[in-house]
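File shown here: work11.cif, holding mmCIF, C-alpha atoms.
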data_work
loop_
_atom_site.label_atom_id
_atom_site.label_comp_id
_atom_site.auth_asym_id
_atom_site.auth_seq_id
_atom_site.Cartn_x
_atom_site.Cartn_y
_atom_site.Cartn_z
CA MET Q 5 49.32 137.96 -26.34
CA THR Q 6 49.50 140.11 -23.28
CA TYR Q 7 52.63 140.81 -21.27
CA VAL Q 8 51.49 138.80 -18.27
CA ARG Q 9 50.54 135.84 -20.42
CA ARG Q 10 53.97 135.77 -22.06
CA ALA Q 11 55.66 135.79 -18.67
CA TRP Q 12 53.27 133.06 -17.52
CA ILE Q 13 54.10 130.83 -20.49
CA VAL Q 14 57.84 131.02 -19.79
CA PHE Q 15 57.16 130.30 -16.12
CA GLN Q 16 54.93 127.33 -16.96
CA LYS Q 17 57.42 125.94 -19.46
CA ASP Q 18 60.22 126.00 -16.89
CA LEU Q 19 58.08 124.34 -14.24
CA LEU Q 20 56.93 121.69 -16.71
CA ILE Q 21 60.51 120.88 -17.73
CA GLU Q 22 61.49 120.64 -14.09
CA ARG Q 23 58.47 118.49 -13.19
CA ARG Q 24 59.18 116.03 -15.95
CA SER Q 25 62.96 115.84 -15.67
CA LYS Q 26 63.34 116.52 -11.91
CA GLU Q 27 66.94 117.21 -12.81
CA GLN Q 28 67.56 120.12 -10.49
CA THR Q 29 65.16 119.43 -7.63
CA ASN Q 30 66.58 116.02 -6.80
CA ALA Q 31 70.19 117.11 -6.99
CA LEU Q 32 69.55 120.28 -5.01
CA LEU Q 33 67.75 118.48 -2.19
CA PHE Q 34 70.59 116.03 -1.90
CA PHE Q 35 73.05 118.91 -2.02
CA CYS Q 36 71.24 120.58 0.91
CA LEU Q 37 71.48 117.41 2.94
CA VAL Q 38 75.21 117.17 2.24
CA LEU Q 39 75.62 120.81 3.23
CA LEU Q 40 74.02 120.14 6.60
CA PHE Q 41 76.57 117.41 7.27
CA LEU Q 42 79.44 119.62 6.13
CA PHE Q 43 78.40 122.49 8.39
CA GLN Q 44 78.16 120.11 11.31
CA PHE Q 45 81.62 118.66 10.62
CA ALA Q 46 83.13 122.12 10.13
CA LEU Q 47 81.83 123.47 13.43
CA GLY Q 48 82.06 120.40 15.63
CA PRO Q 49 79.46 119.09 18.04
CA ASP Q 50 79.30 122.14 20.31
CA ARG Q 51 75.60 123.00 20.46
CA ASP Q 52 75.98 126.67 21.48
CA ARG Q 53 78.42 127.40 18.70
CA LEU Q 54 76.07 125.82 16.17
CA ALA Q 55 73.12 127.81 17.46
CA ALA Q 56 75.09 131.06 17.24
CA ALA Q 57 76.21 130.32 13.70
CA LEU Q 58 72.82 129.05 12.55
CA PRO Q 59 71.43 132.16 10.76
CA GLY Q 60 74.66 132.51 8.80
CA LEU Q 61 74.77 128.81 7.94
CA LEU Q 62 71.13 128.83 6.87
CA TRP Q 63 71.73 131.64 4.41
CA LEU Q 64 75.03 130.22 3.28
CA GLY Q 65 73.09 127.08 2.43
CA PHE Q 66 70.47 129.05 0.48
CA ILE Q 67 73.14 130.98 -1.39
CA LEU Q 68 75.18 127.91 -2.29
CA ALA Q 69 72.04 126.09 -3.46
CA GLY Q 70 70.96 129.29 -5.23
CA LEU Q 71 74.29 129.55 -7.07
CA LEU Q 72 73.81 126.06 -8.45
CA ALA Q 73 70.13 126.50 -9.29
CA LEU Q 74 70.20 130.05 -10.65
CA GLY Q 75 73.36 129.52 -12.68
CA ARG Q 76 71.52 126.89 -14.69
CA SER Q 77 68.50 129.11 -15.46
CA PHE Q 78 69.28 129.46 -19.14
CA LEU Q 79 71.17 126.26 -19.80
CA ALA Q 80 68.09 124.58 -21.27
CA GLU Q 81 67.84 127.41 -23.80
CA ARG Q 82 71.32 126.75 -25.13
CA GLU Q 83 70.20 123.47 -26.71
CA ASN Q 84 68.40 123.20 -30.04
CA ASP Q 85 68.65 126.96 -30.64
CA CYS Q 86 66.02 127.69 -28.00
CA TRP Q 87 67.90 130.92 -27.30
CA GLU Q 88 66.92 132.04 -30.81
CA GLY Q 89 63.35 131.12 -29.99
CA LEU Q 90 63.39 133.33 -26.92
CA ARG Q 91 64.87 136.17 -28.91
CA LEU Q 92 62.23 135.90 -31.59
CA THR Q 93 59.42 136.24 -29.07
CA PRO Q 94 57.40 139.29 -30.08
CA GLY Q 95 56.94 142.21 -27.72
CA ASP Q 96 58.80 143.30 -24.62
CA LYS Q 97 61.59 140.88 -23.68
CA SER Q 98 61.31 141.69 -19.98
CA ALA Q 99 58.28 139.36 -19.84
CA ILE Q 100 60.74 136.49 -20.36
CA TYR Q 101 62.84 137.81 -17.49
CA LEU Q 102 59.84 137.95 -15.17
CA GLY Q 103 58.76 134.44 -16.16
CA LYS Q 104 62.25 133.08 -15.56
CA LEU Q 105 62.48 134.98 -12.28
CA ALA Q 106 59.16 133.54 -11.08
CA GLY Q 107 60.31 130.02 -11.98
CA ASN Q 108 63.58 130.51 -10.13
CA CYS Q 109 61.76 131.87 -7.08
CA VAL Q 110 59.52 128.81 -6.95
CA LEU Q 111 62.50 126.48 -7.27
CA MET Q 112 64.43 128.38 -4.59
CA ALA Q 113 61.39 128.43 -2.29
CA ALA Q 114 61.07 124.66 -2.56
CA VAL Q 115 64.75 124.17 -1.73
CA GLU Q 116 64.57 126.65 1.15
CA LEU Q 117 61.53 124.96 2.64
CA VAL Q 118 63.34 121.64 2.73
CA LEU Q 119 66.54 123.18 4.06
CA VAL Q 120 64.67 125.00 6.85
CA VAL Q 121 62.92 121.81 7.92
CA LEU Q 122 66.21 119.87 7.84
CA PHE Q 123 67.90 122.59 9.92
CA GLY Q 124 65.07 122.50 12.44
CA VAL Q 125 65.31 118.73 12.80
CA PHE Q 126 69.07 118.17 12.69
CA TYR Q 127 70.18 121.19 14.71
CA ASN Q 128 67.21 121.06 17.06
CA VAL Q 129 66.18 124.70 16.76
CA ASP Q 130 62.66 126.00 17.04
CA LEU Q 131 61.95 127.54 13.66
CA TRP Q 132 58.21 127.11 14.05
CA THR Q 133 57.50 129.94 16.52
CA PRO Q 134 59.00 132.72 14.36
CA ALA Q 135 57.80 130.97 11.17
CA ALA Q 136 55.65 133.80 9.77
CA PRO Q 137 58.18 136.66 10.08
CA LEU Q 138 60.93 134.25 9.00
CA ALA Q 139 58.94 133.45 5.87
CA LEU Q 140 58.82 137.18 5.07
CA VAL Q 141 62.60 137.49 5.42
CA LEU Q 142 63.06 134.39 3.28
CA ALA Q 143 60.73 135.72 0.59
CA LEU Q 144 62.45 139.11 0.38
CA GLY Q 145 65.92 137.59 0.45
CA THR Q 146 65.06 135.01 -2.19
CA LEU Q 147 63.66 137.65 -4.52
CA GLY Q 148 66.86 139.69 -4.14
CA LEU Q 149 69.06 136.70 -4.85
CA ALA Q 150 66.97 135.42 -7.74
CA SER Q 151 66.44 138.79 -9.44
CA VAL Q 152 70.16 139.49 -9.89
CA GLY Q 153 70.93 135.79 -10.32
CA THR Q 154 68.49 135.41 -13.22
CA LEU Q 155 69.88 138.48 -14.98
CA PHE Q 156 73.52 137.42 -14.53
CA ALA Q 157 72.80 133.81 -15.45
CA ALA Q 158 71.50 134.96 -18.83
CA MET Q 159 74.85 136.65 -19.44
CA THR Q 160 77.23 134.07 -18.04
CA THR Q 161 75.49 131.31 -20.03
CA GLN Q 162 77.05 132.95 -23.10
CA ALA Q 163 80.50 133.37 -21.56
CA ARG Q 164 83.48 131.10 -21.14
CA ALA Q 165 84.06 129.52 -17.72
CA ARG Q 166 80.47 130.32 -16.79
CA GLU Q 167 80.35 128.12 -13.67
CA LEU Q 168 83.17 130.23 -12.26
CA LEU Q 169 82.15 133.60 -13.55
CA PHE Q 170 78.59 133.39 -12.22
CA PRO Q 171 79.44 133.25 -8.49
CA VAL Q 172 82.32 135.74 -8.88
CA LEU Q 173 79.89 138.19 -10.44
CA LEU Q 174 76.86 137.49 -8.27
CA LEU Q 175 78.26 137.13 -4.75
CA PRO Q 176 79.81 140.60 -4.26
CA VAL Q 177 76.62 142.24 -5.52
CA GLN Q 178 74.58 140.13 -3.11
CA VAL Q 179 76.45 141.19 0.05
CA PRO Q 180 73.65 143.57 1.17
CA VAL Q 181 71.06 140.82 0.79
CA LEU Q 182 73.20 138.41 2.78
CA LEU Q 183 73.89 140.93 5.56
CA ALA Q 184 70.25 141.97 5.82
CA THR Q 185 68.81 138.47 5.79
CA VAL Q 186 71.36 137.01 8.21
CA SER Q 187 70.92 139.91 10.66
CA ALA Q 188 67.13 139.72 10.45
CA THR Q 189 67.10 135.93 10.79
CA GLN Q 190 69.39 136.14 13.80
CA ALA Q 191 67.14 138.67 15.55
CA LEU Q 192 64.02 136.62 14.80
CA LEU Q 193 65.58 133.41 16.09
CA LEU Q 194 66.45 135.20 19.32
CA GLY Q 195 62.75 135.91 19.72
CA GLN Q 196 62.79 139.60 18.86
CA PRO Q 197 59.61 141.01 17.32
CA LEU Q 198 59.39 141.83 13.63
CA ALA Q 199 59.49 145.59 14.39
CA ASP Q 200 63.11 145.23 15.58
CA VAL Q 201 64.25 144.15 12.13
CA ALA Q 202 62.06 146.61 10.22
CA HIS Q 203 65.08 148.54 8.93
CA TRP Q 204 66.57 145.37 7.44
CA LEU Q 205 63.25 144.45 5.83
CA LYS Q 206 62.97 147.93 4.33
CA LEU Q 207 66.51 147.67 2.97
CA LEU Q 208 65.70 144.25 1.49
CA ALA Q 209 62.47 145.48 -0.04
CA GLY Q 210 64.22 148.53 -1.47
CA ALA Q 211 67.06 146.41 -2.87
CA ASP Q 212 64.53 143.97 -4.40
CA CYS Q 213 62.72 146.84 -6.13
CA VAL Q 214 66.01 148.21 -7.51
CA TYR Q 215 67.24 144.80 -8.70
CA VAL Q 216 63.97 143.78 -10.36
CA THR Q 217 63.65 147.19 -12.04
CA ILE Q 218 67.18 146.97 -13.44
CA GLY Q 219 66.47 143.41 -14.54
CA ILE Q 220 63.33 144.47 -16.40
CA LEU Q 221 65.05 147.46 -18.00
CA THR Q 222 68.26 145.73 -19.09
CA PHE Q 223 67.15 142.18 -19.92
CA GLU Q 224 66.45 142.97 -23.55
CA PHE Q 225 70.10 144.00 -23.97
CA VAL Q 226 71.25 140.70 -22.52
CA LEU Q 227 69.00 138.62 -24.76
CA GLU Q 228 69.99 140.31 -28.04
CA ALA Q 229 72.08 138.57 -30.70
CA MET F 11 97.20 166.72 -25.82
CA THR F 12 97.54 163.47 -23.90
CA ARG F 13 101.22 164.17 -23.47
CA VAL F 14 100.49 167.60 -21.99
CA LEU F 15 98.05 165.94 -19.59
CA GLY F 16 100.77 163.50 -18.58
CA TRP F 17 103.24 166.29 -17.82
CA LEU F 18 100.59 168.20 -15.90
CA ALA F 19 99.87 165.09 -13.85
CA ALA F 20 103.59 164.60 -13.16
CA LEU F 21 103.97 168.22 -12.07
CA GLY F 22 100.85 167.92 -9.95
CA LEU F 23 102.19 164.83 -8.23
CA LEU F 24 105.50 166.57 -7.52
CA ALA F 25 103.60 169.50 -6.05
CA GLY F 26 101.50 167.01 -4.11
CA VAL F 27 104.57 165.34 -2.63
CA ALA F 28 106.03 168.74 -1.74
CA ALA F 29 102.75 169.86 -0.18
CA GLY F 30 102.25 166.59 1.69
CA PHE F 31 105.79 166.30 3.08
CA GLY F 32 107.06 169.88 3.11
CA TYR F 33 104.22 172.30 3.49
CA ALA F 34 101.67 170.41 5.59
CA PRO F 35 102.49 170.30 9.32
CA ARG F 36 103.17 167.12 11.26
CA GLU F 37 99.95 165.86 12.74
CA ALA F 38 99.99 166.32 16.53
CA ILE F 39 98.83 162.87 17.66
CA GLN F 40 99.49 160.44 14.83
CA GLY F 41 102.76 161.97 13.69
CA ASN F 42 104.06 161.36 10.19
CA VAL F 43 101.79 158.35 9.64
CA GLN F 44 98.97 160.76 9.00
CA ARG F 45 100.66 161.83 5.75
CA ILE F 46 99.40 158.60 4.16
CA MET F 47 96.12 160.49 3.97
CA TYR F 48 97.49 162.50 1.03
CA LEU F 49 97.61 159.25 -0.92
CA HIS F 50 94.61 157.53 0.63
CA VAL F 51 91.90 160.17 0.29
CA PRO F 52 92.70 161.33 -3.29
CA SER F 53 92.83 157.65 -4.35
CA VAL F 54 89.38 156.87 -3.06
CA LEU F 55 87.90 160.05 -4.55
CA THR F 56 89.49 159.17 -7.90
CA ALA F 57 88.11 155.63 -7.67
CA TYR F 58 84.61 157.00 -7.13
CA LEU F 59 85.06 159.30 -10.11
CA ALA F 60 86.16 156.30 -12.18
CA PHE F 61 83.14 154.18 -11.18
CA GLY F 62 80.86 157.14 -11.90
CA LEU F 63 82.33 157.19 -15.41
CA VAL F 64 81.75 153.42 -15.71
CA LEU F 65 78.07 154.05 -14.97
CA LEU F 66 77.94 156.90 -17.47
CA GLY F 67 79.72 154.92 -20.17
CA SER F 68 77.52 151.87 -19.55
CA ILE F 69 74.23 153.76 -19.85
CA ALA F 70 75.45 155.70 -22.88
CA TYR F 71 76.66 152.50 -24.58
CA LEU F 72 73.31 150.76 -24.17
CA ALA F 73 71.53 153.87 -25.46
CA THR F 74 73.76 154.71 -28.44
CA ARG F 75 75.77 151.51 -29.12
CA ARG F 76 78.83 153.56 -29.92
CA PRO F 77 81.91 151.45 -29.07
CA GLY F 78 83.60 154.58 -27.71
CA TRP F 79 81.33 154.54 -24.66
CA ASP F 80 82.17 150.91 -24.00
CA ARG F 81 85.88 151.72 -24.20
CA LEU F 82 85.35 154.56 -21.73
CA ALA F 83 83.52 152.27 -19.28
CA ALA F 84 86.10 149.50 -19.58
CA SER F 85 89.09 151.83 -19.20
CA ALA F 86 87.55 153.69 -16.27
CA ALA F 87 86.73 150.40 -14.54
CA GLU F 88 90.31 149.19 -14.84
CA ILE F 89 91.76 152.41 -13.42
CA GLY F 90 89.04 152.51 -10.76
CA VAL F 91 90.06 149.04 -9.58
CA LEU F 92 93.69 150.21 -9.43
CA PHE F 93 92.82 153.23 -7.29
CA THR F 94 90.51 151.22 -5.04
CA ALA F 95 93.36 148.79 -4.46
CA ILE F 96 95.71 151.70 -3.65
CA THR F 97 93.08 153.01 -1.22
CA ILE F 98 92.80 149.68 0.57
CA VAL F 99 96.56 149.05 0.72
CA SER F 100 97.41 152.58 1.90
CA GLY F 101 94.58 152.41 4.44
CA SER F 102 95.98 149.11 5.68
CA ILE F 103 99.47 150.56 6.10
CA TRP F 104 97.96 153.47 8.02
CA GLY F 105 95.72 151.20 10.06
CA LYS F 106 98.56 149.02 11.42
CA PRO F 107 100.24 151.74 13.54
CA THR F 108 97.03 153.69 14.21
CA TRP F 109 94.39 151.06 14.91
CA GLY F 110 96.87 148.30 15.63
CA THR F 111 95.62 146.04 12.85
CA TRP F 112 96.06 145.67 9.10
CA TRP F 113 92.45 144.90 8.52
CA THR F 114 89.23 145.15 10.45
CA TRP F 115 85.65 144.47 9.37
CA ASP F 116 84.64 148.06 9.72
CA ALA F 117 81.81 149.44 7.61
CA ARG F 118 83.88 151.54 5.24
CA LEU F 119 86.68 149.05 4.82
CA THR F 120 84.16 146.34 4.07
CA SER F 121 82.16 148.35 1.56
CA THR F 122 85.34 149.49 -0.21
CA ALA F 123 86.50 145.88 -0.42
CA ILE F 124 83.11 144.87 -1.83
CA LEU F 125 83.39 147.68 -4.36
CA LEU F 126 86.73 146.26 -5.45
CA LEU F 127 85.27 142.75 -5.80
CA VAL F 128 82.28 143.97 -7.84
CA TYR F 129 84.49 145.71 -10.37
CA VAL F 130 87.03 142.90 -10.48
CA GLY F 131 84.03 140.74 -11.42
CA TYR F 132 83.17 143.32 -14.09
CA LEU F 133 86.67 143.05 -15.55
CA MET F 134 86.57 139.24 -15.39
CA LEU F 135 83.30 139.21 -17.31
CA ARG F 136 84.91 141.37 -19.98
CA GLY F 137 87.76 138.93 -20.23
CA LEU F 138 85.52 135.89 -20.63
CA VAL F 139 83.11 137.05 -23.35
CA ASP F 140 84.67 136.77 -26.79
CA ASP F 141 82.22 138.69 -28.94
CA ALA F 142 83.06 142.41 -28.64
CA GLU F 143 79.49 143.56 -29.09
CA ALA F 144 78.04 141.15 -26.53
CA ARG F 145 80.90 141.97 -24.15
CA GLY F 146 79.93 145.63 -24.27
CA ARG F 147 76.28 144.92 -23.55
CA TYR F 148 76.88 142.47 -20.70
CA ALA F 149 79.54 144.67 -19.11
CA ALA F 150 77.20 147.66 -19.33
CA VAL F 151 74.47 145.76 -17.44
CA VAL F 152 76.96 144.82 -14.70
CA GLY F 153 78.36 148.36 -14.69
CA ILE F 154 74.90 149.82 -14.11
CA LEU F 155 73.90 147.29 -11.47
CA GLY F 156 77.23 147.64 -9.69
CA ALA F 157 76.94 151.41 -9.44
CA VAL F 158 73.29 151.42 -8.36
CA ASN F 159 74.20 148.81 -5.77
CA ILE F 160 76.79 151.06 -4.10
CA PRO F 161 74.29 152.91 -1.84
CA ILE F 162 72.59 149.63 -0.91
CA VAL F 163 75.95 148.10 0.04
CA HIS F 164 76.82 151.29 1.92
CA PHE F 165 73.74 151.22 4.15
CA SER F 166 73.74 147.48 4.74
CA VAL F 167 77.36 147.49 5.83
CA LYS F 168 76.93 150.66 7.88
CA TRP F 169 74.12 149.12 9.90
CA TRP F 170 76.20 146.02 10.26
CA ARG F 171 79.08 147.85 12.04
CA ALA F 172 81.27 151.01 12.14
CA LEU F 173 84.89 152.02 13.35
CA HIS F 174 86.27 154.25 10.59
CA GLN F 175 85.95 157.94 11.44
CA PRO F 176 82.99 159.57 9.66
CA SER F 177 83.73 161.61 6.57
CA THR F 178 85.48 164.81 7.67
CA ILE F 179 85.42 166.90 4.52
CA LEU F 180 81.91 166.07 3.34
CA GLY F 181 80.35 166.08 6.81
CA PRO F 182 78.05 168.89 7.99
CA GLY F 183 79.33 171.96 9.83
CA PRO F 184 82.67 173.81 9.47
CA SER F 185 85.60 171.59 8.56
CA PRO F 186 87.80 170.73 11.58
CA ILE F 187 90.79 170.17 9.27
CA ASP F 188 93.83 172.45 9.60
CA PRO F 189 93.86 174.72 6.50
CA ALA F 190 97.44 173.68 5.65
CA ILE F 191 96.51 169.99 5.72
CA GLY F 192 93.38 170.77 3.73
CA LEU F 193 95.42 172.59 1.08
CA ALA F 194 97.94 169.74 0.81
CA LEU F 195 95.00 167.37 0.39
CA LEU F 196 93.50 169.56 -2.31
CA VAL F 197 96.78 169.72 -4.25
CA ASN F 198 97.08 165.94 -4.12
CA TRP F 199 93.48 165.48 -5.13
CA ILE F 200 93.95 167.66 -8.20
CA ALA F 201 97.17 165.81 -9.03
CA PHE F 202 95.41 162.43 -8.77
CA THR F 203 92.52 163.60 -10.91
CA LEU F 204 95.01 164.75 -13.57
CA LEU F 205 96.80 161.41 -13.30
CA PHE F 206 93.47 159.63 -13.69
CA ALA F 207 92.61 161.70 -16.76
CA TYR F 208 96.01 160.85 -18.26
CA PHE F 209 95.65 157.12 -17.54
CA LEU F 210 92.11 157.17 -18.95
CA ALA F 211 93.14 158.91 -22.16
CA ARG F 212 96.02 156.45 -22.67
CA ARG F 213 93.91 153.40 -21.83
CA ILE F 214 91.11 154.42 -24.20
CA GLU F 215 93.71 154.94 -26.92
CA ILE F 216 95.09 151.43 -26.32
CA ALA F 217 91.57 149.96 -26.33
CA ARG F 218 90.89 151.62 -29.68
CA LEU F 219 94.13 150.31 -31.15
CA GLU F 220 93.35 146.81 -29.85
CA GLU F 221 90.05 146.75 -31.69
CA THR F 222 91.40 147.71 -35.10
#

For the structure just supplied, provide its representation as structure tokens.
Amino acid sequence: MTYVRRAWIVFQKDLLIERRSKEQTNALLFFCLVLLFLFQFALGPDRDRLAAALPGLLWLGFILAGLLALGRSFLAERENDCWEGLRLTPGDKSAIYLGKLAGNCVLMAAVELVLVVLFGVFYNVDLWTPAAPLALVLALGTLGLASVGTLFAAMTTQARARELLFPVLLLPVQVPVLLATVSATQALLLGQPLADVAHWLKLLAGADCVYVTIGILTFEFVLEA
Amino acid sequence: MTRVLGWLAALGLLAGVAAGFGYAPREAIQGNVQRIMYLHVPSVLTAYLAFGLVLLGSIAYLATRRPGWDRLAASAAEIGVLFTAITIVSGSIWGKPTWGTWWTWDARLTSTAILLLVYVGYLMLRGLVDDAEARGRYAAVVGILGAVNIPIVHFSVKWWRALHQPSTILGPGPSPIDPAIGLALLVNWIAFTLLFAYFLARRIEIARLEET
């Protein structure tokens, strides 16, 4: 069985579980909707203030949804000794990491798509014009969040107080991703061209490469025993 | 050996206090407030040294699986958090009379605070995993990621904003620091490094005793 195929099987398994149970997707979509209301209540009806805070709120929404979604990445494996099954998989364990990461990215992308549309409708902002560059920022940011999130989730699943430990561990590490994505999103929403945020995109791309590499290199140590 | 290190550190600190308060001149513009620097700068350098050792210990533990490396990483992380906290608090005390505020979201302040949070998370993880062997592995992964993340945090926060003066000692060109101030700083830095070595030796000893 090749490396890619092993990663693909893990990916497919996660998607299949999600498609059949719809456990996370439903709850996450509802969570996003609730978030929109909360943001609105927290900031009041002032339209200008909302527009100024929008990039930050958007990413806060993604991160909060991501914390819930990513933190559960390995919960399914805790039941029926599936963790043992993963460990017994022959060959390089990083294939499992990549499969899990791909699954998490797809889940996050689905949530983000819905959240972006909801933001556009409820807060009356034009997200359609800068859609293509925005999608690039979203993709890079999501990969950064999911790559570290998947790695940490595998660890915190085995720890006590994991719901608490996961955000405490993940959020400080993710500050660069948050800063870069919020700044880039802000510039794009103000109508600046993609070239103006090139330095942020490079930083994001570089951070993604570093995070995924560390994930691939260290995942086997997390999965052991 | 450890005891000798402790006495050396104590002597060094005494010399540091003497150099900082007696030998070094009063700074022309800031006055005596500037003397906080003799605590602030050695603390942050020691913290960086500590986090460097966390990275070293983490990589070495994953490679060799000797518990000694894990004890080194854990002990260094704890002391690193202590010195980072001292850096932030002393910087705050200096910032109030100088900048007029305890805290500002300047690039360096922010990245130092993030550094503190990352390693507090590291220590929390250690506290919440019961199996010693798994704790070592997980902590090592976080220790490596946390250290590699430092330059990424640095650049992201730097582009975000800046108010702290750029690094004076490590910057290019001849140092604009008065030689007397520079010497006082050096004495304190050596004293803090000795103190760090003493703390580290003691902490590793305690960690070893805890495990048996």

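For the set F:Val167, F:Ile187, F:Leu82, F:Leu196, the residue with the smallest atom-to-atom gap to chain Q is F:Val167, counting only C-alpha atoms.
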
8 Å contact set for F:Leu204, all atoms listed in the file, chain neighbours under 6 positions out, as a list of chain:residue names |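 In the requested format, the answer is F:Leu15, F:Gly16, F:Leu18, F:Ala19, F:Gly22.
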
Quick one: apply the PyMOL selection byres ((chain Q and resi 133) around 12) to the file and drop the selected residues here as a PyMOL selection string.
-> chain Q and resi 124+129-132+134-139+192-197

Grab the atom CA of F:Ser121 to atom CA of F:His164 distance for me, in Å with one decimal place.
-> 6.1 Å

F:Arg36: which residues within 12 Å, counting only C-alpha atoms, same-chain residues fewer than 3 positions away excluded, as a tab-separated table (two decimals) with C-alpha atoms, in the coordinates of the input?
chain	number	residue	atom	x	y	z
F	29	ALA	CA	102.75	169.86	-0.18
F	30	GLY	CA	102.25	166.59	1.69
F	31	PHE	CA	105.79	166.30	3.08
F	32	GLY	CA	107.06	169.88	3.11
F	33	TYR	CA	104.22	172.30	3.49
F	39	ILE	CA	98.83	162.87	17.66
F	40	GLN	CA	99.49	160.44	14.83
F	41	GLY	CA	102.76	161.97	13.69
F	42	ASN	CA	104.06	161.36	10.19
F	43	VAL	CA	101.79	158.35	9.64
F	44	GLN	CA	98.97	160.76	9.00
F	45	ARG	CA	100.66	161.83	5.75
F	46	ILE	CA	99.40	158.60	4.16
F	188	ASP	CA	93.83	172.45	9.60
F	190	ALA	CA	97.44	173.68	5.65
F	191	ILE	CA	96.51	169.99	5.72
F	194	ALA	CA	97.94	169.74	0.81

Given the choices F:Ala84, F:Val64, F:Leu138, F:Met47, which gets closest to F:Ala34 if the distance is worked out from all atoms listed in the file?
->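 Of F:Ala84, F:Val64, F:Leu138, F:Met47, the one nearest F:Ala34, counting all atoms listed in the file, is F:Met47.
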
Could you spell out the hits of the PyMOL selection byres ((chain Q) within 10 of (chain F)) on the shown file, as a PyMOL selection string?
-> chain Q and resi 152+155-156+158-160+162-166+169-184+187+203-204+207-208+210-211+214-215+218-219+221-223+225-229
